[in-house]
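Following: one structure in structure tokens, then a few remarks.
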Protein chains: 2
Amino acid sequence: MIHEKIPTSKQMSDQGGGGRQGSLGGAWNLRHSSLAGWLMRSMLHRLNDPPIQIVLWNDETICTSAQTPVASVRLADSATLFKLFANPDLAFGEGYSAGRITVRGDLRQLLEEFYRCGFSTEAPNRLRRILSTYWQRVRGRSLAQSRDDIHHHYDIGNDFYALWLGNTMAYTCAYFTADESTLDQAQTDKMHHVSRKLRLRPGDRVLEAGCGWGSLALHMARHYGVTVRAFNVSREQIDYARRRAKDEGLTDQVEFVEDDYRNIHSLPGTYDAFVSVGMLEHASAADYPELGRIISGCLNSSGRGLIHSIGRNRYERLNRWIVKHIFPGAHAPSLKEMMAIFEPVDLSVIDVENLRPHYARTLQFWRRAFEDSAEIIRQMFDEDFVRMWRLYLAGSEAAFNTGDLQLFQVAFVPRTNGRIPWTRADLYHEAGAHGHL
Amino acid sequence: MIHEKIPTSKQMSDQGGGGRQGSLGGAWNLRHSSLAGWLMRSMLHRLNDPPIQIVLWNDETICTSAQTPVASVRLADSATLFKLFANPDLAFGEGYSAGRITVRGDLRQLLEEFYRCGFSTEAPNRLRRILSTYWQRVRGRSLAQSRDDIHHHYDIGNDFYALWLGNTMAYTCAYFTADESTLDQAQTDKMHHVSRKLRLRPGDRVLEAGCGWGSLALHMARHYGVTVRAFNVSREQIDYARRRAKDEGLTDQVEFVEDDYRNIHSLPGTYDAFVSVGMLEHASAADYPELGRIISGCLNSSGRGLIHSIGRNRYERLNRWIVKHIFPGAHAPSLKEMMAIFEPVDLSVIDVENLRPHYARTLQFWRRAFEDSAEIIRQMFDEDFVRMWRLYLAGSEAAFNTGDLQLFQVAFVPRTNGRIPWTRADLYHEAGAHGHL
């Protein structure tokens with residue numbers, strides 16, 4: 001459990017009293033504090049009285065639950081309260097990052113309570129959904145836009161990510177096969193799990209779309225004797241991956257292409273396997289059919305494919321704060337939405353596995369390492385950045401714990417591939433646990 | 001390989017020359033046989049020249065492939081040819097059943113060629129799809145309609161099914177874990193596979209929708225110590241299942257309810273598991289959301305569920321001949337369509353497995369046993385019935401072999417169930433292979 005440090009009174013007053021919003025709030029709260037308290041009480045009541053304590057700027061304390069609160073949330077000023085009412089999912093994140101909302105107690109547990117009571121969930125509004133789906137349909141993400149979005153998140157420095165992602169530098173859900181698995185072990189096990197689902201054989205040609213820092217491409221080459229062509233638009237990540245390929249003597253087997261996978265048509269060849277781990281979240285749903293056509297066009301008739309992506313039980317937009325501040329343009333699709341990749345091009349889905357609990361545990365590891373390096377990160381960036389990422393990591397863990405987010409691994413083959421494995425037992429045999437070489 | 005007996009010339013002429021259609025054809029073919037040949041050639045050419053030989057009523061032989069034909073198809077008259085052009089998917093089945101289309105060679109291989117070249121597949125026509133989806137949406141299947149549809153197929157006599165389904169009387173896809181598995185072993189392994197996916201524990205309460213002759217309900221009670229309430233609208237099947245429960249001393253654990261599962265609300269209680277094997281194919285897509293609400297309403301917060309159904313890579317109506325003559329009202333949904341069960345009620349899909357090759361092998365066993373009993377079946381019904389079922393079984397095998405049909409097992413839990421298994425290894429451990437008792 002990672003408990004956030006309780007802010008000092010100096011910090012609190014600095015945040016609450018300084019700046020325009022603090023001043024506005026200050027003028028208001030003297031006269032209307034009991035109204036604010038009443039508003040907060042109604043809000044908590046409407047959310048089915050979660051075990052959460054709210055402390056207003058004037059120290060008025062509100063809790064409508066009979067249970068012991070899991071955390072106490074302090075609002076620095078009335079402007080923050082207003083924003084929270086108007087745009088809860090955006091305002092909580094922004095207030096927290098700016099230090100105008102502070103949390104005493106367990107941040108993850110607090111966020112889980114929020115997810116459970118639907119605080120940050122947009123009620124599935126039919127009209128909004130139709131408009132949004134339409135909007136997504138007509139507006140795929142352009143290559144330039146994708147590049148900008150990816151730079152925003154991934155090019156803020158390999159050094160930063162190296163502090164908490166572990167040795168594999170895998171920034172996707174790990175796979176924990178034993179209680180005592182470390183993060184590195186679980187990331188390695190994930191890469192074996194993916195490779196085995198792809199039934200890789202020595203000599204296979206593999207296409208990877210969105211390869212991060214290259215860990216999976218290198219892993220497949222190293223353990224399964226395949227050749228990999230891996231696409232990524234992040235310059236920092238590609239540079240890192242190429243260095244690693246050189247260090248490991250795998251440059252003959254792995255080619256890292258600094259480009260959007262949608263430009264694959266410029267390179268000739270067909271492949272035995274297609275894999276994409278943690279890329280789909282960055283694609284627009286409007287681009288799914290194109291992804292399907294690319295996969296279908298590049299796989300040979302005995303090919304296999306796997307897409308690993310964060311998902312939802314049903315269509316919902318990602319939390320707006322995440323999309324605005326963390327992952328521009330990101331979307332976590334439902335399985336129904338994902339089928340827009342496979343159905344039009346007649347791909348057969350052969351295996352779907354939901355690894356939701358694994359992502360919660362992965363995030364627990366990342367969060368612990370992040371907090372251990374919080375001081376260094378503060379020096380690399382600033383306090384707001386630390387708070388923003390703390391909230392993002394804790395919120396993601398809470399979302400996977402409560403089922404607000406899912407993690408789908410979808411394996412598929414072209415319809416013409418008659419060699420669907422009879423059972424999945426081979427994925428779980430110890431003999432196969434570390435590759436076929 | 002099951003080769004159909006080559007019809008004697010007596011039979012051929014009987015079939016070709018008798019009846020109104022034969023006479024009409026007779027008048028036509030004398031003058032236009034070469035036109036008929038030309039039409040047939042163009043048709044084969046449009047289908048990419050499959051290795052199939054066509055023999056017309058006047059012995060004119062057509063084959064546009066350079067390969068050795070896998071089978072020879074004889075058309076008894078020109079009316080049959082006309083119908084084949086107008087409604088290929090309906091006319092082939094009706095012509096074959098009536099003996100006006102006869103096949104020399106391997107029937108299954110012939111049908112596989114048809115499936116590969118798209119002969120019987122309706123091209124996904126956007127307008128037709130929209131109209132058909134709309135029609136399905138507004139018209140769910142009424143309880144009375146469902147009952148009629150089920151009677152049509154399942155109440156033609158337990159004795160008939162007992163001839164070829166094996167001892168388990170399971171009329172759904174088996175699960176072959178070893179090359180030497182018999183049909184009975186594979187059906188038993190399927191029931192274990194399903195039970196393990198449901199993570200059944202002694203004392204669990206299970207709801208089954210569409211229980212056939214009761215084999216799965218009895219299996220779960222016998223091997224996993226659960227109690228089962230199983231619904232089925234087929235009187236013949238329910239009678240059989242109840243007798244079996246009595247013989248096995250399982251009446252305390254298994255309750256067979258002769259009713260539509262949609263009437264579950266009349267019985268109180270919640271359940272630890274919901275299971276439905278081979279029932280969804282009989283539901284209309286319009287009824288999926290209601291099925292979801294029933295599942296969601298009856299599962300407790302730690303509940304698990306599984307639906308096992310024939311499916312498709314993408315939306316397509318079932319072959320019209322099948323729907324007209326074999327399974328009235330049947331539909332094989334795509335995964336996208338199936339999500340209409342889970343998404344609206346926030347169920348988390350945790351595992352999808354495609355068992356397509358297993359259904360092809362299951363059908364091979366059924367077909368062999370069916371042919372071994374063909375003479376008895378002819379006496380129970382008539383020759384047309386034998387031909388109709390021969391085509392249905394061979395066609396289904398061909399459809400699974402070529403990927404025209406899929407078999408999906410979809411496991412799911414309510415979002416509130418935080419106890420998703422960490423891995424699926426327990427499904428494949430020998431220790432768990434025969435239950436937990």
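Labels for the structure tokens follow display order: chains A, B, ..., residues from 1 in each chain, ligands from 1.
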
- prompt: Quick one: which residues from chain B are at most 9 Å off chain A, using only C-alpha atoms, as a PyMOL selection string?
  reply: chain B and resi 116+175-177+312-315+334-340+342-358+401-404+406+408+410+415-429

What lies within 10 Å of stretch 230-247 of chain B using only C-alpha atoms, ignoring chain neighbours under 3 positions off, as a compact mmCIF listing (two decimals) with C-alpha atoms, in the first residue's frame?
```
# COMPACT_ATOMS: atom_id res chain seq x y z
CA LEU B 143 -42.18 -18.45 -26.45
CA ALA B 144 -44.69 -20.38 -28.61
CA SER B 146 -39.45 -21.16 -29.97
CA ARG B 147 -41.35 -24.18 -28.73
CA ASP B 148 -42.51 -25.03 -32.27
CA ASP B 149 -39.03 -24.59 -33.70
CA ILE B 150 -37.52 -26.86 -31.07
CA HIS B 151 -40.21 -29.51 -31.53
CA HIS B 152 -39.48 -29.53 -35.26
CA HIS B 153 -35.92 -30.66 -34.71
CA TYR B 154 -35.66 -32.36 -31.34
CA ASP B 155 -38.95 -34.17 -30.99
CA ILE B 156 -38.58 -36.42 -34.02
CA GLY B 157 -37.64 -39.25 -31.72
CA ASN B 158 -35.00 -40.02 -29.12
CA MET B 169 -26.65 -38.10 -26.12
CA VAL B 206 -26.10 -23.86 -11.47
CA LEU B 207 -28.70 -22.64 -13.95
CA GLU B 208 -28.70 -24.28 -17.37
CA ALA B 209 -30.60 -22.84 -20.32
CA GLY B 210 -31.37 -25.46 -22.98
CA CYS B 211 -30.20 -28.75 -21.49
CA GLY B 212 -30.81 -31.19 -24.37
CA TRP B 213 -31.03 -34.75 -23.06
CA GLY B 214 -29.54 -33.62 -19.76
CA SER B 215 -26.02 -34.96 -20.08
CA LEU B 216 -24.22 -31.81 -18.92
CA ALA B 217 -26.55 -31.18 -15.97
CA LEU B 218 -26.10 -34.76 -14.78
CA ALA B 221 -23.99 -32.90 -10.48
CA THR B 227 -27.13 -28.65 -7.85
CA LEU B 250 -29.42 -37.61 -8.99
CA THR B 251 -32.98 -36.31 -8.63
CA ASP B 252 -32.04 -34.45 -5.43
CA GLN B 253 -29.33 -32.53 -7.26
CA VAL B 254 -30.81 -31.95 -10.69
CA GLU B 255 -34.18 -30.41 -11.49
CA PHE B 256 -35.31 -30.57 -15.12
CA VAL B 257 -37.83 -27.86 -15.90
CA GLU B 258 -39.95 -28.29 -19.05
CA ASP B 259 -40.12 -24.61 -19.90
CA ASP B 260 -38.44 -21.76 -21.74
CA TYR B 261 -35.48 -20.38 -19.76
CA ARG B 262 -37.11 -16.98 -20.18
CA ASN B 263 -39.67 -18.05 -17.60
CA ILE B 264 -36.93 -18.37 -14.98
CA PHE B 274 -25.03 -19.99 -15.61
CA VAL B 275 -24.38 -22.32 -18.51
CA SER B 276 -25.86 -22.77 -21.95
CA MET B 279 -28.99 -23.18 -27.14
```

- Near A:Asn300, within 10 Å and counting only C-alpha atoms, which residues show up once chain neighbours fewer than 5 positions away are dropped, as JSON, numbers by chain? {"A": [269, 270, 271, 272, 273, 295, 413, 414, 416, 417]}

Nearby residues (only C-alpha atoms) at most 9 Å from A:Tyr392, same-chain spacing under 6 positions excluded, as a compact mmCIF listing (two decimals) with N, CA and C atoms, in the first residue's frame:
```txt
# COMPACT_ATOMS: atom_id res chain seq x y z
N GLY A 93 -8.95 15.18 -11.54
CA GLY A 93 -7.56 15.01 -11.96
C GLY A 93 -6.81 16.33 -12.00
N ILE A 322 -7.63 11.69 -18.36
CA ILE A 322 -6.60 10.84 -18.95
C ILE A 322 -6.34 11.24 -20.41
N ILE A 326 -2.85 12.74 -20.18
CA ILE A 326 -1.92 11.60 -20.19
C ILE A 326 -1.81 11.00 -21.60
```

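One distance worth recording is that between atom CA of B:His219 and atom CA of B:Arg304, which is 17.7 Å.
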
**Report entry** Contacts of A:Trp164 at 6 Å (only C-alpha atoms; same-chain gap of 5+ positions) as a PyMOL selection string
**Finding:** chain A and resi 366+369-370

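The interatomic distance for the pair atom CA of A:Arg74 and atom CA of A:Thr102 works out to 5.2 Å.
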
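The set of residues in stretch 57-235 of chain B assigned to strand (DSSP E or B) by DSSP, using only backbone atoms of this structure, is Thr61, Ile62, Ala71, Ser72, Val73, Arg74, Leu75, Ile101, Thr102, Val103, Arg104, Gly105, Asp106, Arg205, Val206, Leu207, Glu208, Ala209, Thr227, Val228, Arg229, Ala230, Phe231 and Asn232 of chain B.
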
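Among the candidate residues A:Gly292, A:Pro328, A:Cys117, A:Gly95, the one lying nearest to A:His45 is A:Cys117, with distances computed using only C-alpha atoms.
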
Across A:Asp189, A:Trp321, A:Thr182, A:Gln67, the smallest distance to A:Gln364, with only C-alpha atoms counted, is shown by A:Thr182

Pick out the residues sitting within 10 Å of B:Glu60, and hand them over as a compact mmCIF listing (two decimals) with C-alpha atoms, in the first residue's frame; count only C-alpha atoms, and ignore anything fewer than 6 positions along from it in its own chain.
```
# COMPACT_ATOMS: atom_id res chain seq x y z
CA SER B 33 -28.61 -28.96 -73.64
CA SER B 34 -25.60 -27.08 -74.98
CA ALA B 36 -27.34 -25.58 -70.20
CA GLY B 37 -23.77 -26.75 -70.51
CA ILE B 54 -21.18 -31.62 -63.32
CA ARG B 74 -25.57 -35.12 -61.48
```

Atom pair atom CA of B:Ser181 + atom CA of B:Gly395, distance 23.1 Å

* Asked: Mind checking DSSP for stretch 22-89 of chain B and telling me the alpha helix (DSSP H) residues as a PyMOL selection string?
  -> chain B and resi 22-46+78-86+88-89

Restricted to C-alpha atoms, what would the selected residues look like written as a compact mmCIF listing (two decimals), in the first residue's frame?
```txt
# COMPACT_ATOMS: atom_id res chain seq x y z
CA GLY B 22 -38.62 -34.03 -64.55
CA SER B 23 -41.07 -33.82 -67.44
CA LEU B 24 -40.64 -30.11 -67.85
CA GLY B 25 -36.93 -30.59 -67.86
CA GLY B 26 -37.23 -33.37 -70.37
CA ALA B 27 -38.97 -31.12 -72.88
CA TRP B 28 -36.39 -28.40 -72.40
CA ASN B 29 -33.17 -30.32 -72.39
CA LEU B 30 -33.52 -31.83 -75.84
CA ARG B 31 -33.23 -28.51 -77.54
CA HIS B 32 -31.03 -26.51 -75.12
CA SER B 33 -28.61 -28.96 -73.64
CA SER B 34 -25.60 -27.08 -74.98
CA LEU B 35 -26.98 -23.83 -73.57
CA ALA B 36 -27.34 -25.58 -70.20
CA GLY B 37 -23.77 -26.75 -70.51
CA TRP B 38 -22.61 -23.25 -71.32
CA LEU B 39 -24.51 -21.85 -68.30
CA MET B 40 -22.97 -24.44 -66.02
CA ARG B 41 -19.50 -23.75 -67.34
CA SER B 42 -19.90 -20.00 -66.73
CA MET B 43 -21.14 -20.70 -63.23
CA LEU B 44 -18.15 -22.91 -62.41
CA HIS B 45 -15.85 -20.35 -63.94
CA ARG B 46 -17.33 -17.58 -61.83
CA SER B 78 -33.32 -28.75 -66.24
CA ALA B 79 -35.76 -27.49 -63.60
CA THR B 80 -33.16 -28.41 -61.01
CA LEU B 81 -30.60 -26.41 -62.94
CA PHE B 82 -32.91 -23.42 -63.11
CA LYS B 83 -33.55 -23.51 -59.37
CA LEU B 84 -29.86 -23.85 -58.71
CA PHE B 85 -29.24 -20.63 -60.57
CA ALA B 86 -32.05 -18.78 -58.86
CA PRO B 88 -28.31 -21.92 -55.01
CA ASP B 89 -28.25 -22.37 -51.22
```

TODO: Tell me which protein, DNA and RNA residues are within 7 Å of A:Gln187, counting only C-alpha atoms, leaving out same-chain ones fewer than 4 positions away, and put them as a list of chain:residue names.
DONE: A:Thr168, A:Ala170, A:Ala174, A:Tyr175, A:Leu183, A:Met191
